[in-house]
>>> print(open('input.cif').read())   # mmCIF, C-alpha atoms and all ligand atoms
data_entry
loop_
_atom_site.label_atom_id
_atom_site.label_comp_id
_atom_site.auth_asym_id
_atom_site.auth_seq_id
_atom_site.Cartn_x
_atom_site.Cartn_y
_atom_site.Cartn_z
CA MET B 1 0.00 0.00 0.00
CA ARG B 2 2.72 2.43 1.01
CA THR B 3 4.79 1.41 -1.95
CA ALA B 4 1.88 1.82 -4.33
CA SER B 5 1.02 5.28 -3.10
CA LYS B 6 4.67 6.26 -3.30
CA LYS B 7 4.72 4.96 -6.85
CA LEU B 8 1.62 6.94 -7.69
CA LEU B 9 3.09 10.07 -6.18
CA LEU B 10 6.29 9.60 -8.18
CA THR B 11 4.27 9.12 -11.36
CA ILE B 12 2.35 12.30 -10.67
CA ILE B 13 5.52 14.24 -9.99
CA PHE B 14 7.15 12.81 -13.12
CA ALA B 15 4.10 13.68 -15.23
CA ALA B 16 4.02 17.15 -13.72
CA LEU B 17 7.69 17.61 -14.55
CA LEU B 18 7.08 16.51 -18.12
CA ILE B 19 4.19 18.92 -18.49
CA THR B 20 6.25 21.80 -17.12
CA ALA B 21 9.16 20.90 -19.34
CA SER B 22 7.09 20.68 -22.49
CA ALA B 23 5.21 23.85 -21.56
CA LEU B 24 8.58 25.58 -21.21
CA TYR B 25 9.71 24.08 -24.49
CA LEU B 26 6.54 25.16 -26.32
CA ASN B 27 6.81 28.58 -24.80
CA ARG B 28 10.41 28.91 -25.90
CA ALA B 29 9.67 27.58 -29.39
CA SER B 30 6.87 30.06 -29.87
CA GLU B 31 9.10 32.85 -28.58
CA GLU B 32 11.73 31.80 -31.08
CA ASP B 33 9.19 31.78 -33.89
CA GLU B 34 8.00 35.19 -32.79
CA TYR B 35 11.60 36.47 -32.84
CA GLU B 36 12.20 35.09 -36.31
CA ALA B 37 8.92 36.48 -37.62
CA GLU B 38 9.85 39.88 -36.18
CA VAL B 39 13.27 39.79 -37.88
CA ARG B 40 11.71 38.77 -41.21
CA ARG B 41 9.09 41.53 -41.04
CA LEU B 42 11.73 44.16 -40.36
CA PHE B 43 13.99 42.76 -43.08
CA GLN B 44 11.27 42.94 -45.74
CA LYS B 45 10.76 46.61 -44.98
CA VAL B 46 14.47 47.44 -44.91
CA LYS B 47 15.03 45.46 -48.11
CA ALA B 48 12.36 47.42 -50.03
CA ASP B 49 13.61 50.77 -48.68
CA THR B 50 17.27 49.97 -49.42
CA GLU B 51 16.43 48.90 -52.97
CA SER B 52 14.64 52.15 -53.68
CA LEU B 53 17.38 54.23 -52.02
CA ARG B 54 20.19 52.55 -53.97
CA ASN B 55 18.01 51.94 -57.03
CA LEU B 56 19.11 48.32 -57.28
CA THR B 57 17.45 44.96 -56.67
CA SER B 58 18.78 41.51 -55.94
CA THR B 59 18.64 39.13 -58.89
CA ASN B 60 18.30 36.10 -56.61
CA PRO B 61 15.93 35.35 -53.71
CA ILE B 62 17.39 36.09 -50.27
CA ASN B 63 17.84 33.36 -47.73
CA LEU B 64 17.53 34.80 -44.20
CA LYS B 65 18.98 32.52 -41.52
CA VAL B 66 18.69 33.06 -37.78
CA VAL B 67 21.68 31.38 -36.10
CA ASP B 68 23.13 31.37 -32.60
CA ILE B 69 26.53 32.62 -31.37
CA SER B 70 28.24 29.25 -31.84
CA PHE B 71 27.63 29.39 -35.60
CA PHE B 72 30.47 31.87 -36.19
CA GLN B 73 32.66 30.60 -33.36
CA LYS B 74 32.99 27.15 -34.93
CA ASP B 75 34.93 28.66 -37.82
CA THR B 76 38.22 29.01 -35.95
CA SER B 77 40.20 26.03 -37.19
CA ASP B 78 43.26 24.63 -35.48
CA GLY B 79 45.36 24.39 -38.65
CA VAL B 80 48.26 26.73 -39.34
CA ASP B 81 47.46 29.41 -41.89
CA GLU B 82 50.68 30.11 -43.79
CA LEU B 83 49.76 33.65 -44.74
CA ASP B 84 48.92 34.42 -41.11
CA ALA B 85 52.24 32.96 -39.96
CA ALA B 86 54.15 35.05 -42.52
CA ARG B 87 52.27 38.22 -41.58
CA GLU B 88 52.97 37.59 -37.92
CA ALA B 89 56.70 37.37 -38.75
CA LEU B 90 56.46 40.63 -40.71
CA TYR B 91 54.68 42.51 -37.89
CA LYS B 92 57.33 41.31 -35.46
CA SER B 93 60.14 42.35 -37.81
CA LEU B 94 58.73 45.87 -37.80
CA LEU B 95 58.08 45.85 -34.03
CA LEU B 96 54.36 46.39 -34.55
CA VAL B 97 53.33 43.62 -32.16
CA PRO B 98 55.09 42.19 -29.09
CA GLN B 99 57.45 39.29 -29.83
CA ASN B 100 55.07 36.85 -28.05
CA PHE B 101 52.03 37.95 -30.08
CA SER B 102 50.00 35.19 -31.75
CA ILE B 103 47.76 36.03 -34.68
CA LYS B 104 45.92 32.74 -34.23
CA GLU B 105 44.99 33.62 -30.65
CA TYR B 106 43.98 37.08 -31.81
CA LYS B 107 41.64 35.66 -34.45
CA LYS B 108 40.12 33.25 -31.94
CA GLU B 109 39.27 36.14 -29.62
CA ARG B 110 37.66 38.09 -32.41
CA ALA B 111 35.52 35.21 -33.74
CA GLY B 112 32.03 35.14 -32.34
CA LEU B 113 31.65 38.92 -32.17
CA VAL B 114 29.39 38.85 -35.25
CA VAL B 115 25.90 40.41 -34.98
CA ALA B 116 24.86 39.86 -38.58
CA ALA B 117 26.64 38.87 -41.77
CA ALA B 118 25.98 38.35 -45.46
CA SER B 119 27.47 35.69 -47.68
CA ALA B 120 26.37 35.54 -51.33
CA TYR B 121 22.54 35.64 -51.10
CA THR B 122 22.31 34.47 -47.48
CA LEU B 123 21.88 36.92 -44.62
CA TYR B 124 22.78 35.59 -41.17
CA ILE B 125 21.32 37.05 -38.00
CA VAL B 126 22.83 36.10 -34.65
CA ARG B 127 19.94 35.63 -32.21
CA GLU B 128 21.88 36.52 -29.06
CA TYR B 129 23.20 39.82 -30.41
CA PHE B 130 20.61 41.12 -32.86
CA ASN B 131 17.61 42.85 -31.32
CA PRO B 132 14.98 43.68 -33.96
CA HIS B 133 13.52 46.34 -31.64
CA SER B 134 16.79 48.21 -31.12
CA ASP B 135 17.41 51.57 -32.83
CA ASP B 136 20.39 50.08 -34.62
CA ALA B 137 18.48 47.14 -36.17
CA PRO B 138 17.37 48.82 -39.47
CA ARG B 139 20.88 50.18 -39.93
CA ILE B 140 22.48 46.75 -39.49
CA LEU B 141 20.06 45.13 -41.95
CA ALA B 142 20.50 47.90 -44.56
CA HIS B 143 24.29 47.48 -44.27
CA GLU B 144 24.16 43.69 -44.71
CA TYR B 145 21.59 43.84 -47.51
CA THR B 146 23.84 46.28 -49.40
CA HIS B 147 26.53 43.55 -49.28
CA ILE B 148 24.07 41.23 -51.07
CA LEU B 149 23.42 43.92 -53.70
CA GLN B 150 27.19 44.30 -54.11
CA TYR B 151 27.48 40.54 -54.60
CA ASN B 152 25.16 40.88 -57.61
CA ARG B 153 27.74 42.90 -59.47
CA ALA B 154 30.67 42.04 -61.70
CA LYS B 155 33.20 39.85 -59.91
CA HIS B 156 36.84 40.83 -59.65
CA SER B 157 39.81 38.56 -59.66
CA LYS B 158 41.34 38.21 -56.21
CA PHE B 159 43.20 41.22 -54.90
CA LEU B 160 46.76 40.09 -54.52
CA THR B 161 48.32 42.50 -52.04
CA MET B 162 47.48 43.49 -48.49
CA ASP B 163 47.12 47.07 -49.70
CA SER B 164 44.66 46.30 -52.51
CA GLN B 165 42.70 43.87 -50.30
CA LEU B 166 42.30 46.51 -47.60
CA ALA B 167 41.31 49.13 -50.18
CA TRP B 168 38.68 46.85 -51.69
CA SER B 169 37.21 45.92 -48.27
CA ALA B 170 37.15 49.59 -47.27
CA PHE B 171 35.21 50.49 -50.39
CA ILE B 172 32.75 47.59 -49.86
CA GLU B 173 32.22 48.34 -46.15
CA GLY B 174 32.13 52.07 -46.88
CA GLU B 175 29.38 51.76 -49.47
CA ALA B 176 27.35 49.48 -47.17
CA ASP B 177 27.77 52.01 -44.33
CA LEU B 178 26.84 54.91 -46.59
CA VAL B 179 23.58 53.25 -47.68
CA ALA B 180 22.81 52.38 -44.04
CA GLU B 181 23.61 55.93 -42.87
CA LEU B 182 21.52 57.60 -45.56
CA TYR B 183 18.70 55.15 -44.86
CA THR B 184 18.65 55.96 -41.17
CA SER B 185 19.03 59.67 -42.08
CA ASN B 186 22.47 59.86 -40.54
CA LYS B 187 21.02 59.26 -37.08
CA THR B 188 24.37 58.14 -35.76
CA GLY B 189 26.05 61.30 -37.10
CA ARG B 190 28.75 59.21 -38.69
CA LEU B 191 28.58 60.95 -42.06
CA THR B 192 31.54 63.26 -42.13
CA SER B 193 34.34 64.10 -44.51
CA THR B 194 36.86 64.45 -41.72
CA MET B 195 39.38 61.67 -41.69
CA PRO B 196 39.89 59.94 -38.34
CA MET B 197 43.46 59.92 -37.03
CA PRO B 198 44.80 56.81 -35.32
CA LYS B 199 46.41 57.37 -31.91
CA PRO B 200 48.26 54.52 -30.26
CA PRO B 201 47.79 53.84 -26.55
CA LYS B 202 50.36 55.45 -24.22
CA SER B 203 51.56 52.24 -22.65
CA GLY B 204 52.40 49.06 -24.58
CA ILE B 205 51.42 48.54 -28.19
CA ASN B 206 49.93 45.04 -27.69
CA LYS B 207 47.05 44.49 -30.07
CA TRP B 208 46.59 48.12 -31.08
CA PHE B 209 48.31 47.77 -34.42
CA VAL B 210 46.48 44.60 -35.53
CA ASP B 211 43.18 46.09 -34.31
CA GLN B 212 43.73 49.18 -36.44
CA LEU B 213 44.59 47.08 -39.46
CA THR B 214 41.54 44.83 -38.97
CA LEU B 215 39.18 47.76 -38.45
CA PHE B 216 40.54 49.89 -41.30
CA PRO B 217 37.63 49.14 -43.71
CA TYR B 218 35.09 50.03 -41.01
CA ILE B 219 36.85 53.20 -39.86
CA TYR B 220 37.88 54.72 -43.21
CA GLY B 221 35.53 53.15 -45.77
CA LEU B 222 32.58 55.41 -45.00
CA THR B 223 34.52 58.68 -45.45
CA PHE B 224 35.79 57.39 -48.81
CA ALA B 225 32.34 56.31 -50.05
CA TYR B 226 30.76 59.52 -48.81
CA LYS B 227 33.29 61.69 -50.66
CA ILE B 228 32.72 59.75 -53.91
CA TYR B 229 28.96 60.10 -53.39
CA VAL B 230 29.22 63.86 -52.81
CA ALA B 231 31.43 64.29 -55.90
CA GLU B 232 29.66 61.97 -58.34
CA GLY B 233 26.53 60.51 -56.72
CA TRP B 234 25.67 56.78 -56.95
CA ARG B 235 27.11 56.83 -60.48
CA GLY B 236 30.55 57.35 -58.91
CA LEU B 237 30.08 54.36 -56.60
CA ASP B 238 28.77 52.23 -59.49
CA GLN B 239 31.92 53.16 -61.38
CA ALA B 240 34.07 52.20 -58.37
CA HIS B 241 32.73 48.64 -58.70
CA VAL B 242 34.09 48.57 -62.24
CA GLU B 243 37.38 50.30 -61.40
CA PRO B 244 37.93 49.86 -57.67
CA PRO B 245 40.55 51.71 -55.63
CA THR B 246 43.70 49.57 -55.49
CA SER B 247 45.55 51.22 -52.62
CA THR B 248 44.74 52.41 -49.10
CA ALA B 249 46.23 55.77 -50.17
CA GLU B 250 43.11 56.30 -52.32
CA ILE B 251 40.86 55.40 -49.38
CA LEU B 252 42.67 57.85 -47.10
CA TYR B 253 42.76 60.54 -49.80
CA PRO B 254 39.70 60.04 -52.06
CA ASN B 255 40.87 62.87 -54.33
CA LEU B 256 43.71 60.58 -55.41
CA TYR B 257 41.10 58.04 -56.49
CA LEU B 258 38.97 60.67 -58.24
CA SER B 259 41.98 61.96 -60.16
CA GLY B 260 43.01 58.48 -61.36
CA PHE B 261 46.11 57.98 -59.15
CA LYS B 262 48.14 54.82 -59.79
CA PRO B 263 50.87 53.78 -57.30
CA ALA B 264 54.51 53.42 -58.43
CA TYR B 265 55.98 50.23 -56.94
CA PRO B 266 59.76 49.98 -56.44
CA ASN B 267 61.71 46.71 -56.83
CA ASN B 268 63.48 45.20 -53.83
CA PRO B 269 67.16 44.18 -53.83
CA SER B 270 68.14 40.58 -53.17
CA PRO B 271 69.76 39.51 -49.85
CA PRO B 272 73.55 39.92 -49.35
CA THR B 273 74.35 36.19 -49.39
CA SER B 274 72.99 33.02 -51.04
CA GLY B 275 70.64 30.46 -49.48
CA TRP B 276 67.70 32.80 -48.97
CA ARG B 277 64.16 32.25 -50.16
CA ILE B 278 61.35 34.77 -50.49
CA TYR B 279 59.10 34.00 -47.54
CA TYR B 280 56.52 36.73 -47.87
CA PRO B 281 56.33 39.43 -50.59
CA ASP B 282 53.67 42.13 -50.37
CA VAL B 283 52.66 45.73 -50.90
CA LEU B 284 51.82 47.06 -47.45
CA GLY B 285 50.36 50.41 -48.46
CA ALA B 286 49.98 53.94 -47.14
CA TYR B 287 47.82 52.96 -44.17
CA PHE B 288 50.25 50.32 -42.95
CA PHE B 289 53.03 52.90 -43.41
CA ASN B 290 50.98 55.33 -41.32
CA LEU B 291 50.62 52.79 -38.51
CA PHE B 292 54.33 52.06 -38.61
CA LEU B 293 55.13 55.78 -38.38
CA THR B 294 52.52 56.36 -35.67
CA ARG B 295 54.38 53.85 -33.53
CA THR B 296 57.31 56.29 -33.50
CA LEU B 297 56.31 59.79 -34.61
CA ASP B 298 53.42 61.85 -33.32
CA SER B 299 50.10 61.33 -35.12
CA GLU B 300 50.15 64.56 -37.11
CA GLU B 301 53.72 64.11 -38.32
CA ALA B 302 52.89 60.52 -39.22
CA LEU B 303 49.82 61.56 -41.18
CA LYS B 304 51.75 64.22 -43.09
CA ALA B 305 54.43 61.69 -44.07
CA THR B 306 51.70 59.22 -45.09
CA SER B 307 50.49 61.66 -47.74
CA TRP B 308 53.95 61.40 -49.37
CA TRP B 309 53.49 57.66 -50.09
CA ILE B 310 53.27 56.80 -53.77
CA GLY B 311 54.07 53.09 -53.59
CA ASP B 312 55.97 50.43 -51.64
CA ASN B 313 57.28 46.92 -51.82
CA SER B 314 58.07 44.65 -48.90
CA THR B 315 59.98 41.37 -49.11
CA LEU B 316 60.56 39.12 -46.13
CA TYR B 317 63.40 36.65 -46.81
CA LEU B 318 63.99 33.46 -44.88
CA ASN B 319 67.19 31.44 -44.48
CA GLU B 320 66.76 28.59 -41.96
CA GLU B 321 66.11 30.53 -38.73
CA ASP B 322 67.19 33.92 -40.05
CA LEU B 323 64.78 36.58 -41.25
CA LEU B 324 65.62 39.61 -43.34
CA LEU B 325 63.09 42.23 -44.31
CA TYR B 326 63.48 44.87 -47.02
CA TRP B 327 60.63 47.34 -47.08
CA GLN B 328 61.08 50.02 -49.68
CA ILE B 329 58.77 53.02 -49.71
CA ASN B 330 58.55 55.33 -52.69
CA LEU B 331 57.88 58.93 -51.66
CA SER B 332 57.12 62.02 -53.72
CA THR B 333 60.51 63.76 -53.35
CA ASP B 334 64.13 62.97 -52.40
CA GLU B 335 63.84 65.49 -49.59
CA GLN B 336 60.93 63.61 -47.99
CA ALA B 337 62.90 60.36 -48.04
CA LYS B 338 65.84 62.04 -46.26
CA THR B 339 63.65 63.84 -43.71
CA LEU B 340 61.85 60.63 -42.79
CA LYS B 341 65.07 58.69 -42.41
CA GLN B 342 66.40 61.34 -40.00
CA MET B 343 63.16 61.47 -38.05
CA LEU B 344 63.06 57.70 -37.62
CA TYR B 345 66.68 57.52 -36.46
CA SER B 346 66.12 60.25 -33.90
CA GLU B 347 62.73 59.05 -32.62
CA LEU B 348 63.11 55.26 -32.55
CA SER B 349 64.46 54.40 -29.14
CA GLY B 350 66.90 51.55 -29.06
CA ALA B 351 70.57 50.73 -28.67
CA LEU B 352 72.55 52.22 -31.55
CA SER B 353 75.50 50.35 -33.13
CA LYS B 354 79.00 51.98 -33.02
CA ASP B 355 78.72 53.37 -36.55
CA GLY B 356 75.25 54.75 -35.66
CA ARG B 357 73.49 52.90 -38.48
CA ILE B 358 71.84 49.92 -36.77
CA LEU B 359 69.24 50.21 -34.05
CA ARG B 360 68.73 47.22 -31.80
CA ILE B 361 65.18 47.15 -30.43
CA ASP B 362 63.39 44.21 -28.85
CA GLY B 363 65.79 41.66 -30.37
CA ARG B 364 65.40 43.15 -33.88
CA ASN B 365 68.04 45.07 -35.84
CA LEU B 366 66.70 47.99 -37.83
CA ALA B 367 68.36 50.32 -40.32
CA MET B 368 67.12 52.95 -42.77
CA LEU B 369 68.67 53.95 -46.10
CA THR B 370 67.61 56.32 -48.83
CA GLN B 371 68.18 56.50 -52.53
CA ASP B 372 66.48 59.26 -54.54
CA THR B 373 62.78 59.19 -53.57
CA LYS B 374 63.05 55.81 -51.86
CA LEU B 375 63.31 55.01 -48.18
CA LEU B 376 64.44 51.46 -47.47
CA ILE B 377 63.72 49.99 -44.07
CA VAL B 378 65.83 46.95 -43.20
CA SER B 379 65.01 44.60 -40.34
CA ALA B 380 67.28 41.66 -39.56
CA SER B 381 66.98 38.92 -36.97
CA ASN B 382 70.64 39.29 -35.88
CA PRO B 383 73.25 42.10 -35.81
CA SER B 384 75.79 40.52 -38.17
CA LEU B 385 73.08 39.95 -40.77
CA ALA B 386 72.06 43.62 -40.50
CA GLU B 387 75.71 44.65 -41.00
CA ALA B 388 76.12 42.38 -44.04
CA ALA B 389 72.91 43.73 -45.56
CA LEU B 390 74.01 47.35 -45.03
CA ARG B 391 77.45 46.70 -46.56
CA ASP B 392 75.84 45.03 -49.56
CA LEU B 393 73.21 47.73 -50.07
CA THR B 394 75.73 50.55 -49.75
CA HIS B 395 77.93 48.79 -52.30
CA LYS B 396 75.34 47.90 -54.94
CA GLY B 397 72.57 50.45 -54.25
CA PHE B 398 68.92 49.60 -54.77
CA ASP B 399 66.19 50.04 -57.34
ZN ZN B 401 29.92 44.88 -43.71
#
>>> encode(input="input.cif", output="structure tokens")
Amino acid sequence: MRTASKKLLLTIIFAALLITASALYLNRASEEDEYEAEVRRLFQKVKADTESLRNLTSTNPINLKVVDISFFQKDTSDGVDELDAAREALYKSLLLVPQNFSIKEYKKERAGLVVAAASAYTLYIVREYFNPHSDDAPRILAHEYTHILQYNRAKHSKFLTMDSQLAWSAFIEGEADLVAELYTSNKTGRLTSTMPMPKPPKSGINKWFVDQLTLFPYIYGLTFAYKIYVAEGWRGLDQAHVEPPTSTAEILYPNLYLSGFKPAYPNNPSPPTSGWRIYYPDVLGAYFFNLFLTRTLDSEEALKATSWWIGDNSTLYLNEEDLLLYWQINLSTDEQAKTLKQMLYSELSGALSKDGRILRIDGRNLAMLTQDTKLLIVSASNPSLAEAALRDLTHKGFD
């Protein structure tokens, strides 16, 4: 009898638990459906408004997907990305990140900060971050939908240098931001022609440099797109899809783009001895140059010198454990090259070699040379390599 009643009680409790659980589940499911329906309603409105603002429509149907945070976090693979490894070596050669910095760790931290994203004709909305009732919601959707409209256009072959990749992303993000800003009637007050100026933190450089590089398209793209829009209207931005800016110099100074500027790239010398291979060749661009200068000079001086950039070429050479970097920057005049060399020698703080030509900072050996309009920055992983490189370059010259 006692056992039976106990059994009955247990059954009742178990049934009650099940009912509560399924009630909770149903409740949650209907809340989720409500959320999705809300997002879809808002998206339909934003989509129609954006299309009429930009006077474009998508040729394919849009697939809207509501996902949760983990969707974008899963992407961080454990494999070694060779380009990332090479870039990390380059940043360290130029003292732009601490010697123990890991780009892989950095990327891991940044993954999962996505609110919404567009890929081809799919628009992803992250449930935990995107609130369809927030003031920012229409702006975010207009921005992402513009990316889908951009995807509709002529495709370009891959941009091969860091500089041209950054310029392309800045244009794409800038146009998406411009549409979103005009759509929300510039509510955020972000429409301005004034260029932001990067200022490094007072103590320790840490992730500041990589942050600035990563955020470049989002910080500078809008000013670029806005200036093109003011000068030439949407026609100007349509034209930029056909002939995109190829350097960050054009993003920083849109007048260069409007006047048809083309960079002049110098050629790098080969290393002083045999046995070297090219580990990582690239064009780093005016913005990268600005960040490098900002590490040493004050922001205004750095910005002024950035406007002198007309092209660069960086080659990182590898020989077993040794690294040698030649980064040659082409400036507008001989005088500018000389001035910059002097400024860098006097402002970079490190131990100077006896002849006053090699600076030892943080285990790296840096030297600067000029020839005509070119400034060559040398970074070597050991002092004798830096000396050999300087002897060789002085003897044979460059470019
Ligand atoms: Zn975007």
>>> closest_residue(input="input.cif", among="B:Ile103, B:Ala305, B:Leu64, B:Leu237", to="Tyr124 (chain B)", atoms="only C-alpha atoms")
B:Leu64
>>> closest_residue(input="input.cif", among="B:Glu36, B:Thr59, B:Ala170, B:Ala154", to="Val126 (chain B)", atoms="only C-alpha atoms")
B:Glu36
>>> residues_around(input="input.cif", residues="region 260-271 of chain B", least_positions_apart="6", cutoff="6 Å", atoms="only C-alpha atoms", output="NGL selection string")
:B and (310-312 or 398-399)
>>> write_last_selection(input="input.cif", atoms="C-alpha atoms", output="PDB file, keeping the file's coordinate frame")
ATOM      1  CA  ILE B 310      53.270  56.800 -53.770  1.00  0.00           C
ATOM      2  CA  GLY B 311      54.070  53.090 -53.590  1.00  0.00           C
ATOM      3  CA  ASP B 312      55.970  50.430 -51.640  1.00  0.00           C
ATOM      4  CA  PHE B 398      68.920  49.600 -54.770  1.00  0.00           C
ATOM      5  CA  ASP B 399      66.190  50.040 -57.340  1.00  0.00           C
TER       6      ASP B 399
END
>>> residues_near_ligand(input="input.cif", ligand="ligand ZN 401 (chain B)", cutoff="8 Å", atoms="only C-alpha atoms and all ligand atoms", output="list in words")
Ala117, Ala118, His143, Glu144, His147, Ile172, Glu173, Ala176, Asp177 and Tyr218 of chain B
>>> axis_aligned_box(input="input.cif", around="region 124-142 of chain B", padding_each_side="8 Å", output="lines of an AutoDock Vina configuration file")
center_x = 18.4
center_y = 43.6
center_z = -36.8
size_x = 25.7
size_y = 32.0
size_z = 31.5
>>> closest_residue(input="input.cif", among="B:Ser134, B:Leu348, B:Ser185, B:Asn152", to="Leu42 (chain B)", atoms="all atoms listed in the file")
B:Ser134
>>> closest_residue(input="input.cif", among="B:Ser58, B:Gln73, B:Thr214, B:Asn100", to="Tyr151 (chain B)", atoms="only C-alpha atoms")
B:Ser58
>>> residues_near_point(input="input.cif", point="(40.6, 45.6, -51.7)", cutoff="8 Å", atoms="only C-alpha atoms", output="number ranges by chain")
B: 159, 162-171, 244-247
>>> closest_residue(input="input.cif", among="B:Leu213, B:Lys304, B:Leu191, B:Ile329", to="Thr373 (chain B)", atoms="all atoms listed in the file")
B:Ile329
